[in-house]
Amino acid sequence: MSGKAHPESGASNRWMHEVSAAPETVAESPTSARPLSKGMRVLRGALWILTALYCLVVASIVFAPVHVDDNEMGGALVTWLDAGHAEGWLPQFVTYSTIEQLSNVIMFMPGGFLFALLLGRTARRHVLYAGFVVSACIEIIQCFMPNRTGDLVDVLMNGTGALVGAACAFWVHRVLRKRRERQGRESGTSVA
């Protein structure tokens, strides 16, 4: 985020605005900016560290030399699914493929949320499609890795997860902004 206020944003929640502002300042008007409080700098730094750790975990999964489910756990899951279907307590639509696709959605949700939360207002909207782009790059790289395959369904599921995560962050921004506006109206002060 540059040091400029965005008139289309209206009043915003100070905490969310500070978390998503540039690391050293919070813009209040086109001509002024005040430094972030120490607590907000610490929170913002902790969120960036969490985001970096998340990226490392995802990278270790998607760039592992073999599929993460090519082990005893993958076999145990198949056995459990088969038993559940045979005994009738597990619906037929719950398959290994369904679980794999859902896990791809879930894996990218935190990234969409964290990046949408931390990036500046102008960059935040790019998170909506960046998950699909990043996932496509991952799948292309996997095509060239021995014992790995790229899959268009994975691109769609990962991108959907990032999209859902970003949507959740946008919702949090909106709820907190509305709460801040309501508090401003109740106190009789204007909210910048």
# chains A, B, ... in the order shown; residues from 1 in each chain; ligands from 1
$ residues_around --residues "Leu77 of chain A" --least-positions-apart "5" --cutoff "12 Å" --atoms "only C-alpha atoms" --output "list of chain:residue names"
A:Asp69, A:Asp70, A:Asn71, A:Glu72, A:Asp82, A:Ala83, A:Gly84, A:Val94, A:Thr95, A:Tyr96, A:Ser97, A:Ile99, A:Glu100
$ write_last_selection --atoms "C-alpha atoms" --output "JSON list (two decimals), in the first residue's frame"
[["chain", "number", "residue", "atom", "x", "y", "z"],
["A", 69, "ASP", "CA", -0.04, -40.25, 0.00],
["A", 70, "ASP", "CA", 2.34, -42.86, -1.48],
["A", 71, "ASN", "CA", 2.96, -44.43, 1.93],
["A", 72, "GLU", "CA", 1.26, -46.45, 4.66],
["A", 82, "ASP", "CA", -13.36, -49.54, 1.41],
["A", 83, "ALA", "CA", -14.53, -50.79, 4.81],
["A", 84, "GLY", "CA", -16.85, -47.81, 5.25],
["A", 94, "VAL", "CA", -16.75, -40.00, -0.12],
["A", 95, "THR", "CA", -13.93, -41.45, -2.19],
["A", 96, "TYR", "CA", -10.17, -41.21, -2.17],
["A", 97, "SER", "CA", -10.39, -38.73, -5.05],
["A", 99, "ILE", "CA", -10.69, -36.47, -0.08],
["A", 100, "GLU", "CA", -7.64, -35.64, -2.18]]
$ select_by_dssp --residues "segment 1-178 of chain A" --states "alpha helix (DSSP H)" --output "MDAnalysis selection string"
chainID A and resid 14:20 38:62 72:87 96:118 121:124 127:143 152:178
$ write_last_selection --atoms "C-alpha atoms" --output "compact mmCIF listing (two decimals), in the first residue's frame"
# COMPACT_ATOMS: atom_id res chain seq x y z
CA ARG A 14 -7.89 0.72 12.32
CA TRP A 15 -6.51 -2.68 13.28
CA MET A 16 -7.18 -4.28 9.89
CA HIS A 17 -6.04 -1.12 8.15
CA GLU A 18 -2.77 -1.14 10.11
CA VAL A 19 -2.18 -4.86 9.53
CA SER A 20 -2.62 -4.39 5.78
CA LYS A 38 4.97 -1.17 18.07
CA GLY A 39 2.26 -3.74 18.75
CA MET A 40 1.01 -3.55 15.16
CA ARG A 41 4.54 -3.90 13.79
CA VAL A 42 5.04 -6.99 15.95
CA LEU A 43 1.68 -8.45 14.88
CA ARG A 44 2.38 -7.74 11.23
CA GLY A 45 5.85 -9.28 11.51
CA ALA A 46 4.43 -12.37 13.23
CA LEU A 47 1.83 -12.76 10.48
CA TRP A 48 4.52 -12.52 7.80
CA ILE A 49 6.59 -15.15 9.64
CA LEU A 50 3.50 -17.38 9.85
CA THR A 51 2.92 -16.85 6.13
CA ALA A 52 6.54 -17.77 5.33
CA LEU A 53 6.27 -20.94 7.43
CA TYR A 54 3.02 -21.82 5.67
CA CYS A 55 4.74 -21.38 2.28
CA LEU A 56 7.62 -23.63 3.37
CA VAL A 57 5.21 -26.37 4.48
CA VAL A 58 3.27 -26.19 1.20
CA ALA A 59 6.51 -26.23 -0.80
CA SER A 60 7.72 -29.30 1.10
CA ILE A 61 4.46 -31.06 0.21
CA VAL A 62 4.13 -30.07 -3.43
CA GLU A 72 1.26 -46.45 4.66
CA MET A 73 -1.17 -43.63 5.44
CA GLY A 74 -2.45 -43.59 1.86
CA GLY A 75 -2.98 -47.34 1.99
CA ALA A 76 -4.68 -47.11 5.39
CA LEU A 77 -7.05 -44.45 4.05
CA VAL A 78 -8.01 -46.65 1.09
CA THR A 79 -8.64 -49.59 3.46
CA TRP A 80 -10.77 -47.40 5.74
CA LEU A 81 -12.78 -46.04 2.79
CA ASP A 82 -13.36 -49.54 1.41
CA ALA A 83 -14.53 -50.79 4.81
CA GLY A 84 -16.85 -47.81 5.25
CA HIS A 85 -18.42 -48.34 1.85
CA ALA A 86 -18.76 -52.11 2.36
CA GLU A 87 -20.36 -51.70 5.80
CA TYR A 96 -10.17 -41.21 -2.17
CA SER A 97 -10.39 -38.73 -5.05
CA THR A 98 -12.92 -36.59 -3.16
CA ILE A 99 -10.69 -36.47 -0.08
CA GLU A 100 -7.64 -35.64 -2.18
CA GLN A 101 -9.48 -32.80 -3.93
CA LEU A 102 -10.82 -31.43 -0.65
CA SER A 103 -7.33 -31.56 0.86
CA ASN A 104 -6.06 -29.48 -2.07
CA VAL A 105 -8.72 -26.84 -1.38
CA ILE A 106 -7.92 -26.82 2.35
CA MET A 107 -4.16 -26.64 1.74
CA PHE A 108 -4.42 -23.33 -0.14
CA MET A 109 -7.07 -21.63 2.01
CA PRO A 110 -4.61 -20.30 4.65
CA GLY A 111 -2.41 -18.81 1.93
CA GLY A 112 -5.30 -16.98 0.32
CA PHE A 113 -6.40 -15.70 3.71
CA LEU A 114 -2.96 -14.60 4.93
CA PHE A 115 -1.91 -12.90 1.70
CA ALA A 116 -5.27 -11.12 1.36
CA LEU A 117 -4.93 -10.00 4.98
CA LEU A 118 -1.34 -8.78 4.72
CA ARG A 121 -5.32 -2.66 -0.62
CA THR A 122 -4.27 -2.41 -4.28
CA ALA A 123 -2.41 -5.75 -4.29
CA ARG A 124 -5.05 -7.59 -2.26
CA VAL A 127 -4.86 -12.80 -4.46
CA LEU A 128 -8.19 -13.76 -6.05
CA TYR A 129 -6.45 -15.20 -9.10
CA ALA A 130 -2.87 -15.65 -7.82
CA GLY A 131 -3.73 -18.99 -6.22
CA PHE A 132 -4.63 -20.37 -9.65
CA VAL A 133 -1.44 -18.99 -11.19
CA VAL A 134 0.80 -20.31 -8.40
CA SER A 135 -0.92 -23.69 -8.53
CA ALA A 136 -0.50 -23.89 -12.32
CA CYS A 137 3.22 -23.19 -11.91
CA ILE A 138 3.48 -25.91 -9.24
CA GLU A 139 1.73 -28.45 -11.46
CA ILE A 140 3.94 -27.59 -14.46
CA ILE A 141 7.06 -28.10 -12.32
CA GLN A 142 5.65 -31.42 -11.05
CA CYS A 143 5.31 -32.59 -14.68
CA LEU A 152 -5.46 -29.67 -13.97
CA VAL A 153 -7.91 -30.70 -11.23
CA ASP A 154 -5.23 -29.85 -8.63
CA VAL A 155 -4.89 -26.38 -10.20
CA LEU A 156 -8.63 -25.85 -9.90
CA MET A 157 -8.82 -27.16 -6.33
CA ASN A 158 -5.76 -25.23 -5.09
CA GLY A 159 -6.95 -22.05 -6.77
CA THR A 160 -10.40 -22.50 -5.28
CA GLY A 161 -8.85 -22.87 -1.83
CA ALA A 162 -6.89 -19.63 -2.23
CA LEU A 163 -10.04 -17.93 -3.50
CA VAL A 164 -12.07 -19.13 -0.49
CA GLY A 165 -9.30 -18.01 1.89
CA ALA A 166 -9.10 -14.59 0.26
CA ALA A 167 -12.89 -14.26 0.38
CA CYS A 168 -12.76 -14.99 4.12
CA ALA A 169 -10.13 -12.25 4.58
CA PHE A 170 -12.26 -9.81 2.56
CA TRP A 171 -15.23 -10.72 4.76
CA VAL A 172 -13.16 -10.08 7.90
CA HIS A 173 -12.06 -6.70 6.49
CA ARG A 174 -15.69 -5.81 5.73
CA VAL A 175 -17.09 -6.90 9.11
CA LEU A 176 -14.42 -4.99 11.01
CA ARG A 177 -14.83 -1.92 8.80
CA LYS A 178 -18.61 -1.91 9.41
$ atom_distance --atom1 "atom CA of Arg185 of chain A" --atom2 "atom CA of Pro35 of chain A"
25.6 Å
$ select_by_dssp --residues "segment 25-79 of chain A" --states "strand (DSSP E or B)" --output "PyMOL selection string"
chain A and resi 25-29+32-35
$ write_last_selection --atoms "C-alpha atoms" --output "PDB file, in the first residue's frame"
ATOM      1  CA  THR A  25       3.187   3.760   8.219  1.00  0.00           C
ATOM      2  CA  VAL A  26      -0.581   3.944   8.225  1.00  0.00           C
ATOM      3  CA  ALA A  27      -2.124   6.327   5.741  1.00  0.00           C
ATOM      4  CA  GLU A  28      -4.866   8.528   7.136  1.00  0.00           C
ATOM      5  CA  SER A  29      -5.100  11.097   4.399  1.00  0.00           C
ATOM      6  CA  SER A  32      -0.243  12.471   6.145  1.00  0.00           C
ATOM      7  CA  ALA A  33       0.865   9.143   7.464  1.00  0.00           C
ATOM      8  CA  ARG A  34       1.599   8.100  11.019  1.00  0.00           C
ATOM      9  CA  PRO A  35       3.931   5.338  12.122  1.00  0.00           C
TER      10      PRO A  35
END
$ atom_distance --atom1 "atom CA of Val68 of chain A" --atom2 "atom CA of Phe144 of chain A"
17.1 Å
$ decode --residues "segment 137-173 of chain A" --atoms "N, CA and C atoms" --output "mmCIF file, in the first residue's frame"
data_model
loop_
_atom_site.group_PDB
_atom_site.id
_atom_site.type_symbol
_atom_site.label_atom_id
_atom_site.label_comp_id
_atom_site.auth_asym_id
_atom_site.auth_seq_id
_atom_site.Cartn_x
_atom_site.Cartn_y
_atom_site.Cartn_z
ATOM 1 N N CYS A 137 1.759 -23.094 -11.875
ATOM 2 C CA CYS A 137 3.225 -23.187 -11.912
ATOM 3 C C CYS A 137 3.710 -24.431 -11.169
ATOM 4 N N ILE A 138 3.114 -24.715 -10.015
ATOM 5 C CA ILE A 138 3.484 -25.906 -9.244
ATOM 6 C C ILE A 138 3.239 -27.160 -10.067
ATOM 7 N N GLU A 139 2.073 -27.249 -10.685
ATOM 8 C CA GLU A 139 1.726 -28.451 -11.462
ATOM 9 C C GLU A 139 2.624 -28.607 -12.685
ATOM 10 N N ILE A 140 3.013 -27.515 -13.308
ATOM 11 C CA ILE A 140 3.938 -27.590 -14.458
ATOM 12 C C ILE A 140 5.289 -28.117 -13.982
ATOM 13 N N ILE A 141 5.786 -27.615 -12.860
ATOM 14 C CA ILE A 141 7.056 -28.099 -12.319
ATOM 15 C C ILE A 141 6.953 -29.581 -11.981
ATOM 16 N N GLN A 142 5.830 -30.007 -11.402
ATOM 17 C CA GLN A 142 5.651 -31.419 -11.052
ATOM 18 C C GLN A 142 5.675 -32.320 -12.285
ATOM 19 N N CYS A 143 5.265 -31.801 -13.437
ATOM 20 C CA CYS A 143 5.312 -32.593 -14.677
ATOM 21 C C CYS A 143 6.740 -33.004 -15.029
ATOM 22 N N PHE A 144 7.713 -32.198 -14.606
ATOM 23 C CA PHE A 144 9.108 -32.479 -14.930
ATOM 24 C C PHE A 144 9.841 -33.202 -13.799
ATOM 25 N N MET A 145 9.138 -33.504 -12.721
ATOM 26 C CA MET A 145 9.756 -34.204 -11.594
ATOM 27 C C MET A 145 9.515 -35.706 -11.742
ATOM 28 N N PRO A 146 10.547 -36.511 -11.475
ATOM 29 C CA PRO A 146 10.316 -37.956 -11.511
ATOM 30 C C PRO A 146 9.338 -38.355 -10.400
ATOM 31 N N ASN A 147 8.490 -39.310 -10.668
ATOM 32 C CA ASN A 147 7.506 -39.835 -9.712
ATOM 33 C C ASN A 147 6.415 -38.842 -9.342
ATOM 34 N N ARG A 148 6.285 -37.734 -10.060
ATOM 35 C CA ARG A 148 5.216 -36.758 -9.812
ATOM 36 C C ARG A 148 4.484 -36.504 -11.120
ATOM 37 N N THR A 149 3.268 -36.049 -11.010
ATOM 38 C CA THR A 149 2.478 -35.705 -12.190
ATOM 39 C C THR A 149 1.766 -34.390 -11.935
ATOM 40 N N GLY A 150 1.576 -33.632 -12.980
ATOM 41 C CA GLY A 150 0.783 -32.411 -12.892
ATOM 42 C C GLY A 150 -0.665 -32.745 -13.214
ATOM 43 N N ASP A 151 -1.585 -32.006 -12.622
ATOM 44 C CA ASP A 151 -2.996 -32.317 -12.792
ATOM 45 C C ASP A 151 -3.803 -31.027 -12.816
ATOM 46 N N LEU A 152 -4.628 -30.854 -13.851
ATOM 47 C CA LEU A 152 -5.458 -29.666 -13.970
ATOM 48 C C LEU A 152 -6.473 -29.577 -12.822
ATOM 49 N N VAL A 153 -6.961 -30.711 -12.356
ATOM 50 C CA VAL A 153 -7.906 -30.702 -11.226
ATOM 51 C C VAL A 153 -7.233 -30.113 -9.988
ATOM 52 N N ASP A 154 -5.960 -30.419 -9.772
ATOM 53 C CA ASP A 154 -5.235 -29.845 -8.634
ATOM 54 C C ASP A 154 -5.153 -28.321 -8.760
ATOM 55 N N VAL A 155 -4.926 -27.832 -9.980
ATOM 56 C CA VAL A 155 -4.887 -26.383 -10.198
ATOM 57 C C VAL A 155 -6.223 -25.768 -9.789
ATOM 58 N N LEU A 156 -7.305 -26.374 -10.228
ATOM 59 C CA LEU A 156 -8.626 -25.848 -9.897
ATOM 60 C C LEU A 156 -8.918 -25.915 -8.397
ATOM 61 N N MET A 157 -8.557 -27.010 -7.762
ATOM 62 C CA MET A 157 -8.822 -27.159 -6.329
ATOM 63 C C MET A 157 -7.950 -26.215 -5.495
ATOM 64 N N ASN A 158 -6.659 -26.131 -5.816
ATOM 65 C CA ASN A 158 -5.764 -25.227 -5.090
ATOM 66 C C ASN A 158 -6.197 -23.777 -5.267
ATOM 67 N N GLY A 159 -6.492 -23.410 -6.507
ATOM 68 C CA GLY A 159 -6.950 -22.047 -6.774
ATOM 69 C C GLY A 159 -8.243 -21.730 -6.048
ATOM 70 N N THR A 160 -9.142 -22.695 -6.000
ATOM 71 C CA THR A 160 -10.400 -22.501 -5.283
ATOM 72 C C THR A 160 -10.134 -22.293 -3.792
ATOM 73 N N GLY A 161 -9.197 -23.054 -3.244
ATOM 74 C CA GLY A 161 -8.845 -22.875 -1.833
ATOM 75 C C GLY A 161 -8.313 -21.482 -1.556
ATOM 76 N N ALA A 162 -7.421 -20.985 -2.407
ATOM 77 C CA ALA A 162 -6.887 -19.634 -2.233
ATOM 78 C C ALA A 162 -7.998 -18.600 -2.373
ATOM 79 N N LEU A 163 -8.904 -18.831 -3.295
ATOM 80 C CA LEU A 163 -10.036 -17.931 -3.499
ATOM 81 C C LEU A 163 -10.938 -17.893 -2.265
ATOM 82 N N VAL A 164 -11.235 -19.059 -1.698
ATOM 83 C CA VAL A 164 -12.067 -19.128 -0.487
ATOM 84 C C VAL A 164 -11.355 -18.429 0.678
ATOM 85 N N GLY A 165 -10.062 -18.676 0.830
ATOM 86 C CA GLY A 165 -9.301 -18.013 1.893
ATOM 87 C C GLY A 165 -9.295 -16.506 1.737
ATOM 88 N N ALA A 166 -9.088 -16.027 0.507
ATOM 89 C CA ALA A 166 -9.102 -14.585 0.262
ATOM 90 C C ALA A 166 -10.485 -14.007 0.531
ATOM 91 N N ALA A 167 -11.524 -14.726 0.125
ATOM 92 C CA ALA A 167 -12.889 -14.263 0.380
ATOM 93 C C ALA A 167 -13.137 -14.133 1.884
ATOM 94 N N CYS A 168 -12.621 -15.067 2.653
ATOM 95 C CA CYS A 168 -12.760 -14.987 4.122
ATOM 96 C C CYS A 168 -12.047 -13.753 4.657
ATOM 97 N N ALA A 169 -10.860 -13.448 4.137
ATOM 98 C CA ALA A 169 -10.134 -12.251 4.575
ATOM 99 C C ALA A 169 -10.895 -10.989 4.189
ATOM 100 N N PHE A 170 -11.467 -10.967 2.975
ATOM 101 C CA PHE A 170 -12.264 -9.811 2.559
ATOM 102 C C PHE A 170 -13.475 -9.645 3.475
ATOM 103 N N TRP A 171 -14.086 -10.760 3.856
ATOM 104 C CA TRP A 171 -15.233 -10.718 4.758
ATOM 105 C C TRP A 171 -14.815 -10.150 6.113
ATOM 106 N N VAL A 172 -13.660 -10.602 6.631
ATOM 107 C CA VAL A 172 -13.158 -10.084 7.904
ATOM 108 C C VAL A 172 -12.920 -8.583 7.798
ATOM 109 N N HIS A 173 -12.282 -8.130 6.703
ATOM 110 C CA HIS A 173 -12.063 -6.698 6.493
ATOM 111 C C HIS A 173 -13.393 -5.945 6.530
#
